[in-house]
Amino acid sequence: FPFLLLYIMLLIAPFIMSGLYWFLLPSELPASQRLILQGVRYADALTSHQYQLSLLRTWIITAITIASTISAGLLTAYITVYEGGGWRRYLLFLTMIPLFIPPIVSGYIFRIIFYPSGPTEAFLELLGIPKVTWLSDPAGALAAVITANVWSSIPFAVLIMYGGARTVGREYWMSSMVMGAGRLRTFTSVIVPRLWRYILLTTLLVSIHTFEIFDIPYIMTFGGPGTATETVSFYIYNNAIKAGDAALSSALSVITGVIQILYTYLLIHMLRRF
């Protein structure tokens, strides 16, 4: 019971208070009128074109991050669990490095990497590829933010996929190899289908981690150029802190929270089926 009470105090109560921001403010207006005003702010939030764009942008970052981290996790599991030996045994430890670096520091690192005349531009110039102004170009800035977020999210996927691969009986691997299937085909056709539960779990955790992304675009691009890297969290921040519209920001937060809850429920429901 004490844990349930603490959960309600820390999570559910603030969520409800945010949803009824205007209704709970001290005011001489009658309760019915304050509820109408609160409803108007929710309507403004739902019909905001800028919010819809930031939501779409966040989903794009999330989708690419999920695909990239799961691929990295599966590759690491294949190399460390089923290849093993030599330098491969150290690969797992190398992929854990981003776990010990705060996202804000990762943002600074990748800002330097993609900075004009920085390492990335110098490397591309050596290859004869035309110069790309990463942080001042909308598409380039979004790609840079996604790269930094993928790098900081890889440890989640690697740990889950490595643990999942260790639970799959090695007899599946050996019997497939005896039947004449190659290593890569054995992994993709025999091992991966038995890792769907872990893939869904990775999708859930990486989604939660990425959907709240704020510090990386804040440090790297401050949401720019223009609004090219403005995520949902950044858009809510701009309305709450810079524009001072706390009522709209609370409505945006509640709407975003409901979207995350529905998405999480869907993934958990899928997890239970495996």
# chains A, B, ... in the order shown; residues from 1 in each chain; ligands from 1
>>> closest_atom_pairs(of="range 145-262 of chain A", to="range 34-51 of chain A", cutoff="6 Å", atoms="only C-alpha atoms", output="CSV")
residue,atom,partner,partner_atom,distance
A:Leu248,CA,A:Arg41,CA,5.6
A:Ala251,CA,A:Tyr42,CA,5.4
A:Leu252,CA,A:Ala45,CA,5.8
>>> residues_around(residues="Ala228 in chain A", least_positions_apart="5", cutoff="9 Å", atoms="only C-alpha atoms", output="PyMOL selection string")
chain A and resi 54+57+137-139+141-142+223
>>> residues_around(residues="Val132 in chain A", least_positions_apart="5", cutoff="10 Å", atoms="only C-alpha atoms", output="MDAnalysis selection string")
chainID A and resid 114 116:117 120:121 124:125 137 140
>>> write_last_selection(atoms="all heavy atoms", output="PDB file, in the first residue's frame")
ATOM      1  N   PHE A 114      29.972  17.091 -35.862  1.00  0.00           N
ATOM      2  CA  PHE A 114      29.269  17.597 -37.039  1.00  0.00           C
ATOM      3  C   PHE A 114      29.430  19.104 -37.239  1.00  0.00           C
ATOM      4  O   PHE A 114      28.775  19.682 -38.107  1.00  0.00           O
ATOM      5  CB  PHE A 114      27.772  17.262 -36.935  1.00  0.00           C
ATOM      6  CG  PHE A 114      27.468  15.811 -37.133  1.00  0.00           C
ATOM      7  CD1 PHE A 114      27.211  14.981 -36.050  1.00  0.00           C
ATOM      8  CD2 PHE A 114      27.437  15.261 -38.403  1.00  0.00           C
ATOM      9  CE1 PHE A 114      26.927  13.640 -36.227  1.00  0.00           C
ATOM     10  CE2 PHE A 114      27.162  13.922 -38.594  1.00  0.00           C
ATOM     11  CZ  PHE A 114      26.897  13.105 -37.496  1.00  0.00           C
ATOM     12  N   PRO A 116      30.804  22.686 -38.480  1.00  0.00           N
ATOM     13  CA  PRO A 116      31.451  23.089 -39.742  1.00  0.00           C
ATOM     14  C   PRO A 116      32.973  23.003 -39.636  1.00  0.00           C
ATOM     15  O   PRO A 116      33.566  23.466 -38.651  1.00  0.00           O
ATOM     16  CB  PRO A 116      30.979  24.537 -39.921  1.00  0.00           C
ATOM     17  CG  PRO A 116      29.674  24.596 -39.198  1.00  0.00           C
ATOM     18  CD  PRO A 116      29.810  23.679 -38.031  1.00  0.00           C
ATOM     19  N   SER A 117      33.591  22.401 -40.657  1.00  0.00           N
ATOM     20  CA  SER A 117      35.036  22.151 -40.689  1.00  0.00           C
ATOM     21  C   SER A 117      35.462  21.177 -39.590  1.00  0.00           C
ATOM     22  O   SER A 117      36.644  21.159 -39.199  1.00  0.00           O
ATOM     23  CB  SER A 117      35.834  23.471 -40.560  1.00  0.00           C
ATOM     24  OG  SER A 117      35.461  24.363 -41.581  1.00  0.00           O
ATOM     25  N   THR A 120      33.701  15.234 -39.338  1.00  0.00           N
ATOM     26  CA  THR A 120      32.844  14.618 -40.361  1.00  0.00           C
ATOM     27  C   THR A 120      33.070  15.251 -41.726  1.00  0.00           C
ATOM     28  O   THR A 120      33.227  14.545 -42.738  1.00  0.00           O
ATOM     29  CB  THR A 120      31.360  14.736 -39.975  1.00  0.00           C
ATOM     30  OG1 THR A 120      31.165  14.158 -38.687  1.00  0.00           O
ATOM     31  CG2 THR A 120      30.476  14.024 -40.982  1.00  0.00           C
ATOM     32  N   GLU A 121      33.106  16.580 -41.767  1.00  0.00           N
ATOM     33  CA  GLU A 121      33.329  17.267 -43.040  1.00  0.00           C
ATOM     34  C   GLU A 121      34.714  16.964 -43.593  1.00  0.00           C
ATOM     35  O   GLU A 121      34.890  16.785 -44.806  1.00  0.00           O
ATOM     36  CB  GLU A 121      33.133  18.777 -42.868  1.00  0.00           C
ATOM     37  CG  GLU A 121      31.680  19.192 -42.724  1.00  0.00           C
ATOM     38  CD  GLU A 121      31.491  20.689 -42.888  1.00  0.00           C
ATOM     39  OE1 GLU A 121      32.479  21.374 -43.245  1.00  0.00           O
ATOM     40  OE2 GLU A 121      30.372  21.160 -42.655  1.00  0.00           O
ATOM     41  N   LEU A 124      34.634  13.400 -45.087  1.00  0.00           N
ATOM     42  CA  LEU A 124      33.911  13.368 -46.362  1.00  0.00           C
ATOM     43  C   LEU A 124      34.708  14.042 -47.471  1.00  0.00           C
ATOM     44  O   LEU A 124      34.674  13.627 -48.628  1.00  0.00           O
ATOM     45  CB  LEU A 124      32.542  14.052 -46.218  1.00  0.00           C
ATOM     46  CG  LEU A 124      31.532  13.331 -45.308  1.00  0.00           C
ATOM     47  CD1 LEU A 124      30.263  14.153 -45.192  1.00  0.00           C
ATOM     48  CD2 LEU A 124      31.216  11.939 -45.854  1.00  0.00           C
ATOM     49  N   GLU A 125      35.451  15.082 -47.104  1.00  0.00           N
ATOM     50  CA  GLU A 125      36.284  15.775 -48.088  1.00  0.00           C
ATOM     51  C   GLU A 125      37.397  14.865 -48.582  1.00  0.00           C
ATOM     52  O   GLU A 125      37.751  14.880 -49.772  1.00  0.00           O
ATOM     53  CB  GLU A 125      36.870  17.049 -47.465  1.00  0.00           C
ATOM     54  CG  GLU A 125      37.514  17.980 -48.481  1.00  0.00           C
ATOM     55  CD  GLU A 125      37.946  19.288 -47.860  1.00  0.00           C
ATOM     56  OE1 GLU A 125      37.568  19.573 -46.703  1.00  0.00           O
ATOM     57  OE2 GLU A 125      38.677  20.040 -48.541  1.00  0.00           O
ATOM     58  N   ASP A 137      21.848  22.868 -42.130  1.00  0.00           N
ATOM     59  CA  ASP A 137      20.920  22.355 -43.130  1.00  0.00           C
ATOM     60  C   ASP A 137      19.834  21.559 -42.404  1.00  0.00           C
ATOM     61  O   ASP A 137      20.151  20.720 -41.547  1.00  0.00           O
ATOM     62  CB  ASP A 137      21.666  21.448 -44.120  1.00  0.00           C
ATOM     63  CG  ASP A 137      20.728  20.800 -45.126  1.00  0.00           C
ATOM     64  OD1 ASP A 137      20.240  21.521 -46.017  1.00  0.00           O
ATOM     65  OD2 ASP A 137      20.482  19.585 -45.003  1.00  0.00           O
ATOM     66  N   GLY A 140      20.317  17.776 -42.764  1.00  0.00           N
ATOM     67  CA  GLY A 140      21.591  17.402 -42.147  1.00  0.00           C
ATOM     68  C   GLY A 140      21.535  17.490 -40.631  1.00  0.00           C
ATOM     69  O   GLY A 140      22.072  16.621 -39.930  1.00  0.00           O
TER      70      GLY A 140
END
>>> closest_residue(among="A:Gly180, A:Glu212, A:Phe123, A:Thr69", to="Glu230 in chain A", atoms="only C-alpha atoms")
A:Glu212
>>> residues_around(residues="range 199-209 of chain A", least_positions_apart="6", cutoff="6 Å", atoms="only C-alpha atoms", output="NGL selection string")
:A and (62 or 66 or 157)
>>> write_last_selection(atoms="N, CA, C and O atoms", output="PDB file, in the first residue's frame")
ATOM      1  N   THR A  62      12.243   8.429 -33.550  1.00  0.00           N
ATOM      2  CA  THR A  62      12.020   7.195 -32.793  1.00  0.00           C
ATOM      3  C   THR A  62      12.105   5.969 -33.688  1.00  0.00           C
ATOM      4  O   THR A  62      12.761   4.971 -33.342  1.00  0.00           O
ATOM      5  N   ILE A  66      14.903   3.070 -33.362  1.00  0.00           N
ATOM      6  CA  ILE A  66      14.520   1.682 -33.062  1.00  0.00           C
ATOM      7  C   ILE A  66      15.152   0.730 -34.069  1.00  0.00           C
ATOM      8  O   ILE A  66      15.766  -0.280 -33.698  1.00  0.00           O
ATOM      9  N   ALA A 157      19.614  -1.725 -26.438  1.00  0.00           N
ATOM     10  CA  ALA A 157      19.342  -2.806 -27.382  1.00  0.00           C
ATOM     11  C   ALA A 157      20.363  -3.931 -27.261  1.00  0.00           C
ATOM     12  O   ALA A 157      20.008  -5.114 -27.309  1.00  0.00           O
TER      13      ALA A 157
END
>>> residues_around(residues="Ser176 in chain A", least_positions_apart="4", cutoff="12 Å", atoms="only C-alpha atoms", output="list in words")
Gly169, Arg170, Glu171, Tyr172, Gly180, Ala181, Gly182, Arg183, Leu184, Arg185, Thr186, Phe187, Thr188, Ser189, Val190 and Ile191 of chain A
>>> write_last_selection(atoms="all heavy atoms", output="tab-separated table (two decimals), in the first residue's frame")
chain	number	residue	atom	x	y	z
A	169	GLY	N	18.54	-21.93	-26.88
A	169	GLY	CA	19.35	-23.14	-26.79
A	169	GLY	C	20.35	-23.25	-27.93
A	169	GLY	O	19.99	-23.04	-29.10
A	170	ARG	N	21.59	-23.56	-27.60
A	170	ARG	CA	22.63	-23.65	-28.62
A	170	ARG	C	22.39	-24.84	-29.57
A	170	ARG	O	22.96	-24.88	-30.67
A	170	ARG	CB	24.00	-23.76	-27.96
A	170	ARG	CG	25.16	-23.45	-28.89
A	170	ARG	CD	26.44	-23.20	-28.16
A	170	ARG	NE	27.51	-22.89	-29.08
A	170	ARG	CZ	27.76	-21.70	-29.59
A	170	ARG	NH1	26.98	-20.69	-29.29
A	170	ARG	NH2	28.76	-21.51	-30.44
A	171	GLU	N	21.51	-25.77	-29.16
A	171	GLU	CA	21.23	-26.91	-30.03
A	171	GLU	C	20.54	-26.49	-31.32
A	171	GLU	O	20.70	-27.14	-32.36
A	171	GLU	CB	20.37	-27.94	-29.29
A	171	GLU	CG	19.01	-27.48	-28.83
A	171	GLU	CD	19.04	-26.86	-27.45
A	171	GLU	OE1	20.16	-26.59	-26.95
A	171	GLU	OE2	17.95	-26.64	-26.88
A	172	TYR	N	19.77	-25.38	-31.26
A	172	TYR	CA	19.15	-24.87	-32.49
A	172	TYR	C	20.23	-24.44	-33.49
A	172	TYR	O	20.14	-24.71	-34.68
A	172	TYR	CB	18.25	-23.67	-32.18
A	172	TYR	CG	17.03	-24.01	-31.36
A	172	TYR	CD1	16.92	-23.61	-30.03
A	172	TYR	CD2	15.98	-24.72	-31.92
A	172	TYR	CE1	15.81	-23.92	-29.28
A	172	TYR	CE2	14.85	-25.04	-31.17
A	172	TYR	CZ	14.77	-24.63	-29.85
A	172	TYR	OH	13.67	-24.94	-29.11
A	180	GLY	N	23.52	-27.93	-42.85
A	180	GLY	CA	24.16	-27.28	-43.98
A	180	GLY	C	23.87	-25.81	-44.16
A	180	GLY	O	24.35	-25.20	-45.12
A	181	ALA	N	23.09	-25.22	-43.27
A	181	ALA	CA	22.82	-23.78	-43.37
A	181	ALA	C	24.05	-23.00	-42.94
A	181	ALA	O	24.79	-23.41	-42.03
A	181	ALA	CB	21.63	-23.41	-42.50
A	182	GLY	N	24.29	-21.86	-43.56
A	182	GLY	CA	25.42	-21.03	-43.20
A	182	GLY	C	25.18	-20.31	-41.87
A	182	GLY	O	24.08	-20.31	-41.32
A	183	ARG	N	26.22	-19.69	-41.35
A	183	ARG	CA	26.12	-19.00	-40.06
A	183	ARG	C	25.10	-17.87	-40.09
A	183	ARG	O	24.25	-17.77	-39.20
A	183	ARG	CB	27.49	-18.46	-39.67
A	183	ARG	CG	28.53	-19.52	-39.34
A	183	ARG	CD	29.88	-18.90	-39.05
A	183	ARG	NE	30.86	-19.92	-38.70
A	183	ARG	CZ	31.08	-20.37	-37.47
A	183	ARG	NH1	30.36	-19.88	-36.47
A	183	ARG	NH2	31.97	-21.30	-37.25
A	184	LEU	N	25.19	-17.02	-41.10
A	184	LEU	CA	24.30	-15.87	-41.17
A	184	LEU	C	22.85	-16.30	-41.36
A	184	LEU	O	21.93	-15.77	-40.73
A	184	LEU	CB	24.73	-14.92	-42.30
A	184	LEU	CG	23.98	-13.59	-42.39
A	184	LEU	CD1	24.14	-12.81	-41.09
A	184	LEU	CD2	24.50	-12.76	-43.56
A	185	ARG	N	22.64	-17.28	-42.24
A	185	ARG	CA	21.28	-17.76	-42.48
A	185	ARG	C	20.71	-18.44	-41.24
A	185	ARG	O	19.52	-18.32	-40.93
A	185	ARG	CB	21.25	-18.71	-43.66
A	185	ARG	CG	19.84	-19.14	-44.03
A	185	ARG	CD	19.79	-19.93	-45.29
A	185	ARG	NE	18.43	-20.31	-45.61
A	185	ARG	CZ	18.09	-21.05	-46.66
A	185	ARG	NH1	19.01	-21.49	-47.50
A	185	ARG	NH2	16.82	-21.36	-46.87
A	186	THR	N	21.56	-19.16	-40.53
A	186	THR	CA	21.11	-19.80	-39.29
A	186	THR	C	20.65	-18.76	-38.28
A	186	THR	O	19.61	-18.91	-37.63
A	186	THR	CB	22.24	-20.65	-38.68
A	186	THR	OG1	22.59	-21.69	-39.61
A	186	THR	CG2	21.82	-21.27	-37.36
A	187	PHE	N	21.42	-17.69	-38.19
A	187	PHE	CA	21.08	-16.65	-37.22
A	187	PHE	C	19.78	-15.95	-37.60
A	187	PHE	O	18.90	-15.75	-36.74
A	187	PHE	CB	22.21	-15.64	-37.11
A	187	PHE	CG	21.99	-14.59	-36.05
A	187	PHE	CD1	22.18	-14.91	-34.71
A	187	PHE	CD2	21.59	-13.31	-36.38
A	187	PHE	CE1	21.97	-13.96	-33.73
A	187	PHE	CE2	21.38	-12.36	-35.40
A	187	PHE	CZ	21.57	-12.69	-34.07
A	188	THR	N	19.63	-15.57	-38.87
A	188	THR	CA	18.44	-14.82	-39.30
A	188	THR	C	17.19	-15.70	-39.37
A	188	THR	O	16.08	-15.21	-39.13
A	188	THR	CB	18.68	-14.17	-40.67
A	188	THR	OG1	19.10	-15.19	-41.61
A	188	THR	CG2	19.77	-13.12	-40.58
A	189	SER	N	17.35	-16.98	-39.71
A	189	SER	CA	16.19	-17.85	-39.91
A	189	SER	C	15.82	-18.67	-38.68
A	189	SER	O	14.66	-19.06	-38.53
A	189	SER	CB	16.44	-18.80	-41.08
A	189	SER	OG	16.72	-18.09	-42.27
A	190	VAL	N	16.79	-18.94	-37.81
A	190	VAL	CA	16.54	-19.82	-36.67
A	190	VAL	C	16.55	-19.05	-35.35
A	190	VAL	O	15.65	-19.21	-34.51
A	190	VAL	CB	17.58	-20.96	-36.62
A	190	VAL	CG1	17.36	-21.85	-35.40
A	190	VAL	CG2	17.51	-21.79	-37.90
A	191	ILE	N	17.56	-18.20	-35.16
A	191	ILE	CA	17.73	-17.51	-33.87
A	191	ILE	C	16.81	-16.29	-33.76
A	191	ILE	O	16.11	-16.13	-32.76
A	191	ILE	CB	19.20	-17.09	-33.67
A	191	ILE	CG1	20.12	-18.32	-33.79
A	191	ILE	CG2	19.37	-16.43	-32.31
A	191	ILE	CD1	19.82	-19.42	-32.80
>>> atom_distance(atom1="CA of Thr58 in chain A", atom2="CA of Tyr263 in chain A")
13.7 Å
>>> residues_around(residues="Ala165 in chain A", least_positions_apart="4", cutoff="9 Å", atoms="only C-alpha atoms", output="PyMOL selection string")
chain A and resi 74+77-78+81-82+160-161+169+191-192+194-195
>>> select_by_dssp(residues="range 96-166 of chain A", states="alpha helix (DSSP H)", output="VMD selection string")
chain A and resid 103 to 113 119 to 126 138 to 166
